[in-house]
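Below is data_2.txt, holding compact mmCIF, C-alpha atoms (C1' of nucleotides).
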```txt
# COMPACT_ATOMS: atom_id res chain seq x y z
CA MET A 152 -9.83 -36.10 23.57
CA SER A 153 -9.29 -32.54 22.39
CA GLU A 154 -9.01 -31.59 18.73
CA THR A 155 -5.66 -31.34 17.03
CA PHE A 156 -4.59 -29.79 13.74
CA SER A 157 -1.91 -30.34 11.14
CA ILE A 158 0.15 -27.51 9.81
CA SER A 159 -1.82 -27.48 6.58
CA ASP A 160 -5.10 -27.46 8.49
CA LEU A 161 -4.09 -24.19 10.08
CA SER A 162 -2.54 -23.00 6.85
CA ARG A 163 -5.87 -23.43 5.11
CA GLU A 164 -8.02 -22.10 7.91
CA PHE A 165 -6.07 -18.88 8.37
CA GLU A 166 -4.86 -18.49 4.81
CA VAL A 167 -1.18 -18.31 5.59
CA THR A 168 1.56 -20.49 4.15
CA THR A 169 3.09 -23.34 6.11
CA ARG A 170 6.34 -21.47 5.78
CA THR A 171 4.83 -18.62 7.72
CA ILE A 172 3.63 -20.93 10.49
CA ARG A 173 7.07 -22.53 10.76
CA HIS A 174 8.62 -19.10 10.79
CA TYR A 175 6.55 -18.18 13.81
CA GLU A 176 7.81 -21.32 15.50
CA ASP A 177 11.40 -20.36 14.69
CA LEU A 178 10.77 -17.09 16.48
CA GLY A 179 9.30 -18.89 19.47
CA LEU A 180 5.73 -17.71 18.91
CA LEU A 181 4.40 -21.24 18.53
CA ALA A 182 5.50 -24.49 20.12
CA PRO A 183 3.42 -27.37 18.77
CA SER A 184 4.00 -30.90 19.99
CA ARG A 185 5.18 -33.61 17.64
CA ALA A 186 4.00 -36.94 16.35
CA GLY A 187 7.28 -38.36 15.18
CA GLN A 188 8.77 -35.43 13.35
CA ASN A 189 5.42 -33.96 12.32
CA ARG A 190 4.00 -30.95 14.06
CA VAL A 191 0.73 -31.38 15.93
CA TYR A 192 -1.18 -28.26 16.90
CA SER A 193 -3.60 -28.16 19.83
CA ALA A 194 -6.63 -25.90 20.14
CA ARG A 195 -4.44 -23.70 22.30
CA ASP A 196 -1.81 -23.49 19.57
CA ARG A 197 -4.55 -22.54 17.17
CA VAL A 198 -5.66 -19.70 19.44
CA HIS A 199 -2.05 -18.55 19.59
CA LEU A 200 -1.85 -18.42 15.83
CA LYS A 201 -5.08 -16.48 15.71
CA LEU A 202 -3.67 -13.99 18.20
CA ILE A 203 -0.45 -13.70 16.22
CA LEU A 204 -2.33 -12.90 13.03
CA ARG A 205 -4.52 -10.40 14.80
CA GLY A 206 -1.45 -8.70 16.21
CA ARG A 207 0.02 -8.63 12.74
CA ARG A 208 -3.09 -6.97 11.34
CA LEU A 209 -2.72 -4.36 14.03
CA GLY A 210 0.80 -3.58 12.91
CA PHE A 211 2.78 -5.13 15.75
CA SER A 212 6.13 -6.66 14.93
CA LEU A 213 6.52 -10.37 15.51
CA LYS A 214 8.90 -9.56 18.31
CA GLU A 215 6.30 -7.42 20.04
CA ILE A 216 3.70 -10.10 19.45
CA GLY A 217 6.03 -12.54 21.16
CA GLU A 218 6.19 -10.33 24.23
CA LEU A 219 2.42 -9.96 24.25
CA LEU A 220 1.94 -13.70 24.02
CA GLN A 221 4.27 -14.21 26.96
CA LEU A 222 2.25 -11.71 28.96
CA TYR A 223 -0.95 -13.31 27.81
CA ASP A 224 0.18 -16.78 28.77
CA ALA A 225 1.85 -16.25 32.08
CA PRO A 226 0.35 -13.63 34.35
CA ASN A 227 1.37 -15.91 37.17
CA GLY A 228 4.55 -14.35 38.43
CA GLU A 229 5.32 -12.14 41.34
CA VAL A 230 3.65 -8.90 42.28
CA SER A 231 6.37 -6.91 40.55
CA GLN A 232 5.82 -8.95 37.42
CA LEU A 233 2.09 -8.41 37.59
CA THR A 234 2.29 -4.66 38.06
CA LEU A 235 4.81 -4.49 35.24
CA PHE A 236 2.38 -6.49 33.16
CA ILE A 237 -0.45 -4.12 33.94
CA GLY A 238 1.76 -1.20 32.98
CA LYS A 239 2.57 -2.74 29.65
CA MET A 240 -1.09 -3.38 29.04
CA ARG A 241 -1.90 0.26 29.70
CA GLU A 242 0.68 1.26 27.10
CA ARG A 243 -0.80 -1.12 24.59
CA ARG A 244 -4.22 0.23 25.31
CA GLU A 245 -3.12 3.76 24.58
CA THR A 246 -1.46 2.75 21.33
CA LEU A 247 -4.59 0.93 20.30
CA LEU A 248 -6.87 3.79 21.21
CA GLU A 249 -4.75 6.18 19.16
CA GLN A 250 -4.88 3.75 16.30
CA ARG A 251 -8.64 3.63 16.55
CA GLU A 252 -8.81 7.40 16.41
CA ASP A 253 -6.67 7.29 13.30
CA ILE A 254 -9.11 4.87 11.78
CA ASP A 255 -12.10 7.00 12.66
CA ARG A 256 -10.45 10.02 11.11
CA VAL A 257 -9.71 8.18 7.92
CA LEU A 258 -13.23 6.81 7.79
CA GLU A 259 -14.60 10.32 8.05
CA GLU A 260 -12.33 11.49 5.29
CA LEU A 261 -13.43 8.60 3.15
CA ASP A 262 -17.04 9.57 3.76
CA ASP A 263 -16.34 13.12 2.67
CA LEU A 264 -14.51 12.00 -0.43
CA GLU A 265 -17.26 9.60 -1.38
CA LYS A 266 -19.88 12.30 -1.02
CA ARG A 267 -17.86 14.66 -3.16
CA CYS A 268 -17.54 11.98 -5.79
CA ALA A 269 -21.25 11.29 -5.72
CA GLU A 270 -21.94 14.98 -6.16
CA MET A 271 -19.63 15.17 -9.13
CA LEU A 272 -21.36 12.23 -10.72
CA GLN A 273 -24.77 13.79 -10.13
CA ALA A 274 -23.71 17.12 -11.58
CA ARG A 275 -22.56 15.33 -14.68
CA ASP A 276 -25.85 13.45 -15.02
CA GLU A 277 -27.88 16.62 -14.69
CA ASN A 278 -25.89 18.28 -17.41
CA ALA A 279 -26.44 15.28 -19.62
CA ALA A 280 -30.23 15.45 -19.12
CA MET B 250 2.18 34.49 1.82
CA SER B 251 1.65 30.86 2.94
CA GLU B 252 3.92 29.16 5.42
CA THR B 253 6.75 26.94 4.28
CA PHE B 254 8.93 24.42 6.07
CA SER B 255 12.42 23.03 5.80
CA ILE B 256 13.06 19.33 5.90
CA SER B 257 14.33 19.58 9.45
CA ASP B 258 11.25 21.53 10.49
CA LEU B 259 9.09 18.62 9.47
CA SER B 260 11.60 16.17 10.82
CA ARG B 261 11.31 17.76 14.25
CA GLU B 262 7.58 18.26 14.18
CA PHE B 263 6.73 14.70 13.23
CA GLU B 264 9.69 13.02 14.88
CA VAL B 265 10.95 11.26 11.80
CA THR B 266 14.43 11.48 10.33
CA THR B 267 15.21 13.58 7.28
CA ARG B 268 16.27 10.35 5.66
CA THR B 269 12.74 9.07 6.07
CA ILE B 270 11.26 12.18 4.51
CA ARG B 271 13.62 11.97 1.56
CA HIS B 272 12.77 8.31 1.23
CA TYR B 273 9.11 9.21 0.85
CA GLU B 274 10.07 11.63 -1.87
CA ASP B 275 12.07 8.92 -3.63
CA LEU B 276 8.91 6.83 -3.66
CA GLY B 277 6.89 9.72 -5.05
CA LEU B 278 4.85 10.32 -1.89
CA LEU B 279 6.11 13.87 -1.50
CA ALA B 280 7.10 16.46 -4.10
CA PRO B 281 8.34 19.59 -2.39
CA SER B 282 9.47 22.55 -4.42
CA ARG B 283 13.04 23.80 -4.30
CA ALA B 284 14.92 26.92 -3.38
CA GLY B 285 18.10 26.29 -5.27
CA GLN B 286 18.82 22.72 -4.39
CA ASN B 287 17.10 22.84 -1.01
CA ARG B 288 13.70 21.33 -0.44
CA VAL B 289 10.88 23.68 0.50
CA TYR B 290 7.71 22.16 1.91
CA SER B 291 4.34 23.86 1.66
CA ALA B 292 1.45 23.48 4.09
CA ARG B 293 0.03 21.02 1.59
CA ASP B 294 3.22 18.98 1.64
CA ARG B 295 3.04 18.97 5.39
CA VAL B 296 -0.50 17.59 5.30
CA HIS B 297 0.73 14.92 2.92
CA LEU B 298 3.42 13.89 5.33
CA LYS B 299 0.87 13.76 8.12
CA LEU B 300 -1.33 11.49 6.02
CA ILE B 301 1.62 9.29 5.16
CA LEU B 302 2.50 8.82 8.81
CA ARG B 303 -1.11 8.11 9.71
CA GLY B 304 -1.27 5.49 6.99
CA ARG B 305 1.91 4.00 8.32
CA ARG B 306 0.46 3.77 11.81
CA LEU B 307 -2.47 1.93 10.32
CA GLY B 308 -0.20 -0.65 8.78
CA PHE B 309 -0.44 0.35 5.14
CA SER B 310 2.62 -0.11 2.97
CA LEU B 311 4.17 2.99 1.48
CA LYS B 312 3.06 1.75 -1.90
CA GLU B 313 -0.54 1.55 -0.75
CA ILE B 314 -0.21 4.94 0.86
CA GLY B 315 0.98 6.28 -2.47
CA GLU B 316 -2.16 4.98 -4.18
CA LEU B 317 -4.32 6.47 -1.47
CA LEU B 318 -2.64 9.85 -1.81
CA GLN B 319 -3.24 9.80 -5.53
CA LEU B 320 -6.89 9.06 -4.95
CA TYR B 321 -7.04 11.70 -2.26
CA ASP B 322 -5.44 14.32 -4.48
CA ALA B 323 -7.13 13.80 -7.77
CA PRO B 324 -10.75 12.74 -7.76
CA ASN B 325 -11.13 14.82 -10.91
CA GLY B 326 -11.05 12.24 -13.63
CA GLU B 327 -13.74 10.59 -15.67
CA VAL B 328 -16.81 8.81 -14.43
CA SER B 329 -15.04 5.46 -14.73
CA GLN B 330 -12.21 6.82 -12.63
CA LEU B 331 -14.59 8.13 -10.04
CA THR B 332 -16.54 4.92 -9.67
CA LEU B 333 -13.29 3.01 -9.47
CA PHE B 334 -12.23 5.42 -6.80
CA ILE B 335 -15.40 4.86 -4.82
CA GLY B 336 -14.89 1.12 -5.09
CA LYS B 337 -11.39 1.39 -3.71
CA MET B 338 -12.62 3.53 -0.87
CA ARG B 339 -15.22 0.91 0.03
CA GLU B 340 -12.48 -1.70 0.22
CA ARG B 341 -10.39 0.50 2.44
CA ARG B 342 -13.36 1.13 4.63
CA GLU B 343 -13.92 -2.58 5.14
CA THR B 344 -10.29 -3.17 5.96
CA LEU B 345 -10.38 -0.37 8.47
CA LEU B 346 -13.61 -1.55 10.04
CA GLU B 347 -12.15 -5.04 10.48
CA GLN B 348 -9.09 -3.49 12.00
CA ARG B 349 -11.22 -1.55 14.41
CA GLU B 350 -12.99 -4.72 15.44
CA ASP B 351 -9.61 -6.30 16.05
CA ILE B 352 -8.70 -3.42 18.27
CA ASP B 353 -11.94 -3.63 20.20
CA ARG B 354 -11.42 -7.33 20.76
CA VAL B 355 -7.91 -6.79 22.00
CA LEU B 356 -9.05 -4.00 24.27
CA GLU B 357 -11.64 -6.31 25.80
CA GLU B 358 -9.03 -8.96 26.33
CA LEU B 359 -6.74 -6.44 27.94
CA ASP B 360 -9.57 -5.47 30.28
CA ASP B 361 -10.10 -9.07 31.27
CA LEU B 362 -6.42 -9.63 31.84
CA GLU B 363 -6.12 -6.52 33.91
CA LYS B 364 -9.05 -7.54 36.07
CA ARG B 365 -7.57 -10.96 36.60
CA CYS B 366 -4.29 -9.38 37.59
CA ALA B 367 -6.01 -7.06 40.01
CA GLU B 368 -7.82 -10.00 41.56
CA MET B 369 -4.59 -11.89 41.97
CA LEU B 370 -3.01 -8.91 43.66
CA GLN B 371 -6.02 -8.53 45.97
CA ALA B 372 -6.00 -12.19 46.92
CA ARG B 373 -2.37 -11.86 47.84
CA ASP B 374 -3.03 -8.78 49.97
CA GLU B 375 -5.83 -10.48 51.83
CA ASN B 376 -3.61 -13.42 52.65
CA ALA B 377 -0.96 -11.07 53.88
CA ALA B 378 -3.42 -9.32 56.24
C1' DT C 78 5.78 -50.43 -6.36
C1' DT C 79 5.37 -46.12 -7.88
C1' DT C 80 2.75 -42.14 -7.66
C1' DG C 81 0.93 -38.50 -4.88
C1' DA C 82 -0.05 -35.81 -0.98
C1' DC C 83 1.74 -34.38 3.01
C1' DG C 84 5.38 -33.48 5.95
C1' DT C 85 10.44 -32.33 7.30
C1' DT C 86 15.14 -29.39 7.56
C1' DT C 87 18.57 -26.33 5.53
C1' DA C 88 19.77 -22.46 3.29
C1' DC C 89 19.95 -18.78 0.22
C1' DG C 90 16.90 -14.97 -1.85
C1' DT C 91 14.04 -10.88 -1.57
C1' DA C 92 11.07 -6.75 -0.88
C1' DA C 93 10.14 -2.99 2.20
C1' DA C 94 11.62 0.68 4.96
C1' DC C 95 14.69 2.87 6.28
C1' DG C 96 19.98 3.52 8.77
C1' DT C 97 24.43 5.03 8.06
C1' DC C 98 28.32 6.70 6.23
C1' DA C 99 30.82 9.59 2.61
C1' DA C 100 31.59 13.52 0.08
C1' DG C 101 30.19 17.67 -1.45
C1' DT C 102 27.48 22.46 -1.61
C1' DA C 103 25.77 26.94 0.37
C1' DC C 104 25.71 30.42 3.55
C1' DA C 105 26.49 32.79 7.91
C1' DT C 106 29.58 33.65 11.73
C1' DT C 107 34.00 34.30 13.96
C1' DA D 258 40.18 32.31 5.82
C1' DA D 259 38.24 29.02 8.80
C1' DT D 260 34.56 27.12 11.41
C1' DG D 261 29.84 25.79 11.88
C1' DT D 262 25.29 24.61 10.49
C1' DA D 263 22.03 22.94 7.42
C1' DC D 264 21.35 21.05 3.30
C1' DT D 265 22.36 17.92 -0.85
C1' DT D 266 23.10 13.25 -3.47
C1' DG D 267 24.79 8.71 -3.77
C1' DA D 268 25.47 4.13 -2.19
C1' DC D 269 26.00 0.33 0.66
C1' DG D 270 24.16 -1.89 5.13
C1' DT D 271 20.46 -3.72 8.14
C1' DT D 272 16.22 -5.55 9.99
C1' DT D 273 11.85 -7.77 9.37
C1' DA D 274 9.06 -11.16 7.45
C1' DC D 275 8.78 -14.26 5.00
C1' DG D 276 9.51 -16.77 -0.34
C1' DT D 277 11.53 -20.38 -2.65
C1' DA D 278 14.21 -24.20 -4.01
C1' DA D 279 16.61 -28.50 -2.72
C1' DA D 280 16.70 -32.82 -0.90
C1' DC D 281 14.64 -35.98 1.82
C1' DG D 282 11.06 -39.04 5.04
C1' DT D 283 6.23 -41.30 5.45
C1' DC D 284 2.21 -43.27 4.49
C1' DA D 285 -1.93 -44.58 1.60
C1' DA D 286 -4.09 -45.53 -2.73
C1' DA D 287 -3.76 -47.19 -7.52
```
Would you put the structure from the file into structure tokens?
Amino acid sequence: MSETFSISDLSREFEVTTRTIRHYEDLGLLAPSRAGQNRVYSARDRVHLKLILRGRRLGFSLKEIGELLQLYDAPNGEVSQLTLFIGKMRERRETLLEQREDIDRVLEELDDLEKRCAEMLQARDENAA
Amino acid sequence: MSETFSISDLSREFEVTTRTIRHYEDLGLLAPSRAGQNRVYSARDRVHLKLILRGRRLGFSLKEIGELLQLYDAPNGEVSQLTLFIGKMRERRETLLEQREDIDRVLEELDDLEKRCAEMLQARDENAA
DNA sequence: TTTGACGTTTACGTAAACGTCAAGTACATT
DNA sequence: AATGTACTTGACGTTTACGTAAACGTCAAA
């Protein structure tokens, strides 16, 4: 019924090595089913990998990503678990918002620098004319 | 005239260890002057450290940060250098923009999750009433 | 049937980013 | 003179995130 993927399918699609994918499994971030001894990845597994790589791009450690995946997968526990979950999410949100501010700052600085460079180039051209 | 800082001043202000600061110097990311054998950091050095830590938060390697600092410090070279510099900045910008999209996506997902959690809590409360 | 492409496990290697002593210097205070 | 505080330079240790090589299984095409 639903689509499945081999390890090299995912390796190609996301441009990571198979070693990397297996490493994530070693750390408990992925749990594909098996056909014989071969790994078989479901669409859900694929989404997990996508989330892992996104987390990595955002600078989270694989351990932290593991915790996030747990939270993401199983907001089904008790009230205490849920409120704890919400708390953790709020923390993440703050971290991410700070990170976005960092990015905006850097982008502004890059703008400034680029303008200065353009000006320097122009000045040179005018002198050459 | 201008303010200076000891290594522990900066250590306290930015909440990093002195070891970390010395490590950055080992890698050529900082170059404080000396009073005898002791390091003396200028306001400029302090800004450098701030930039380093920001880069770190954004997931850049210290090596990459070093390149960025060089670019940041010395856009004074030839035309070829300047255009190369602008090119590198464009790349950085794209990376950062992608990263910001990642963050926005994650923030949306966190919103969804939080709403779902809130709904689950509400449903429970209504049953309890 | 052998070659090739794909997969597997096991295990040691490695680069990055520091942590953690150890041992010493310099200067002020008690 | 001794104690304390802040600084210094090694140098080895540690964690994270994989790389890489070895040795092997499986199946299909030539």
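Atom pair CA of Tyr290 in chain B / CA of Glu252 in chain B: separated by 8.7 Å.
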(message) as a ChimeraX atom specification, please: the residues near range 291-306 of chain B (cut-off 8 Å, only C-alpha atoms (C1' of nucleotides), same-chain neighbours under 3 positions excluded).
(response) /A:210,250,253 /B:251-254,259,263,278-281,309-311,314,318
Write a file of the just-selected residues containing C-alpha atoms, as an mmCIF file, in the frame of the given file.
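The result, written out as again-v8.cif:
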```cif
data_model
loop_
_atom_site.group_PDB
_atom_site.id
_atom_site.type_symbol
_atom_site.label_atom_id
_atom_site.label_comp_id
_atom_site.auth_asym_id
_atom_site.auth_seq_id
_atom_site.Cartn_x
_atom_site.Cartn_y
_atom_site.Cartn_z
ATOM 1 C CA GLY A 210 0.800 -3.580 12.910
ATOM 2 C CA GLN A 250 -4.880 3.750 16.300
ATOM 3 C CA ASP A 253 -6.670 7.290 13.300
ATOM 4 C CA SER B 251 1.650 30.860 2.940
ATOM 5 C CA GLU B 252 3.920 29.160 5.420
ATOM 6 C CA THR B 253 6.750 26.940 4.280
ATOM 7 C CA PHE B 254 8.930 24.420 6.070
ATOM 8 C CA LEU B 259 9.090 18.620 9.470
ATOM 9 C CA PHE B 263 6.730 14.700 13.230
ATOM 10 C CA LEU B 278 4.850 10.320 -1.890
ATOM 11 C CA LEU B 279 6.110 13.870 -1.500
ATOM 12 C CA ALA B 280 7.100 16.460 -4.100
ATOM 13 C CA PRO B 281 8.340 19.590 -2.390
ATOM 14 C CA PHE B 309 -0.440 0.350 5.140
ATOM 15 C CA SER B 310 2.620 -0.110 2.970
ATOM 16 C CA LEU B 311 4.170 2.990 1.480
ATOM 17 C CA ILE B 314 -0.210 4.940 0.860
ATOM 18 C CA LEU B 318 -2.640 9.850 -1.810
#
```
Nearby residues (all atoms listed in the file) at most 10 Å from range 280-286 of chain D, same-chain spacing under 2 positions excluded, as a CSV table (one decimal) with C-alpha atoms (C1' of nucleotides), keeping the file's coordinate frame:
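Result written to selection03.csv:
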```csv
chain,number,residue,atom,x,y,z
A,188,GLN,CA,8.8,-35.4,13.4
C,80,DT,C1',2.8,-42.1,-7.7
C,81,DG,C1',0.9,-38.5,-4.9
C,82,DA,C1',0.0,-35.8,-1.0
C,83,DC,C1',1.7,-34.4,3.0
C,84,DG,C1',5.4,-33.5,6.0
C,85,DT,C1',10.4,-32.3,7.3
C,86,DT,C1',15.1,-29.4,7.6
C,87,DT,C1',18.6,-26.3,5.5
D,278,DA,C1',14.2,-24.2,-4.0
```
Item to complete: For DA99 in chain C, list every protein, DNA or RNA residue within 12 Å, evaluated using all atoms listed in the file, and leave out those in the same chain fewer than 5 positions away; present the list as a ChimeraX atom specification.
Response: /D:266-269
Produce the centre coordinates and the three edge lengths, each in Å to one decimal, of the box along x, y and z that contains all listed atoms of range 274-278 of chain D with 4 Å added on each side, as AutoDock Vina command-line options.
```
--center_x 11.5 --center_y -17.7 --center_z 1.7 --size_x 13.4 --size_y 21.0 --size_z 19.5
```
| query | For chain A, which residues have at least one atom within 9 Å of chain C, if we go by only C-alpha atoms (C1' of nucleotides)? Write them as a list in words, please. | reply | Ile158, Ser159, Gln188, Asn189 and Arg190 of chain A
Take the residues from that selection and put them in a file with C-alpha atoms, as a compact mmCIF listing (two decimals), in the frame of the given file.
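Listed below is the output, result-v1.txt:
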```txt
# COMPACT_ATOMS: atom_id res chain seq x y z
CA ILE A 158 0.15 -27.51 9.81
CA SER A 159 -1.82 -27.48 6.58
CA GLN A 188 8.77 -35.43 13.35
CA ASN A 189 5.42 -33.96 12.32
CA ARG A 190 4.00 -30.95 14.06
```
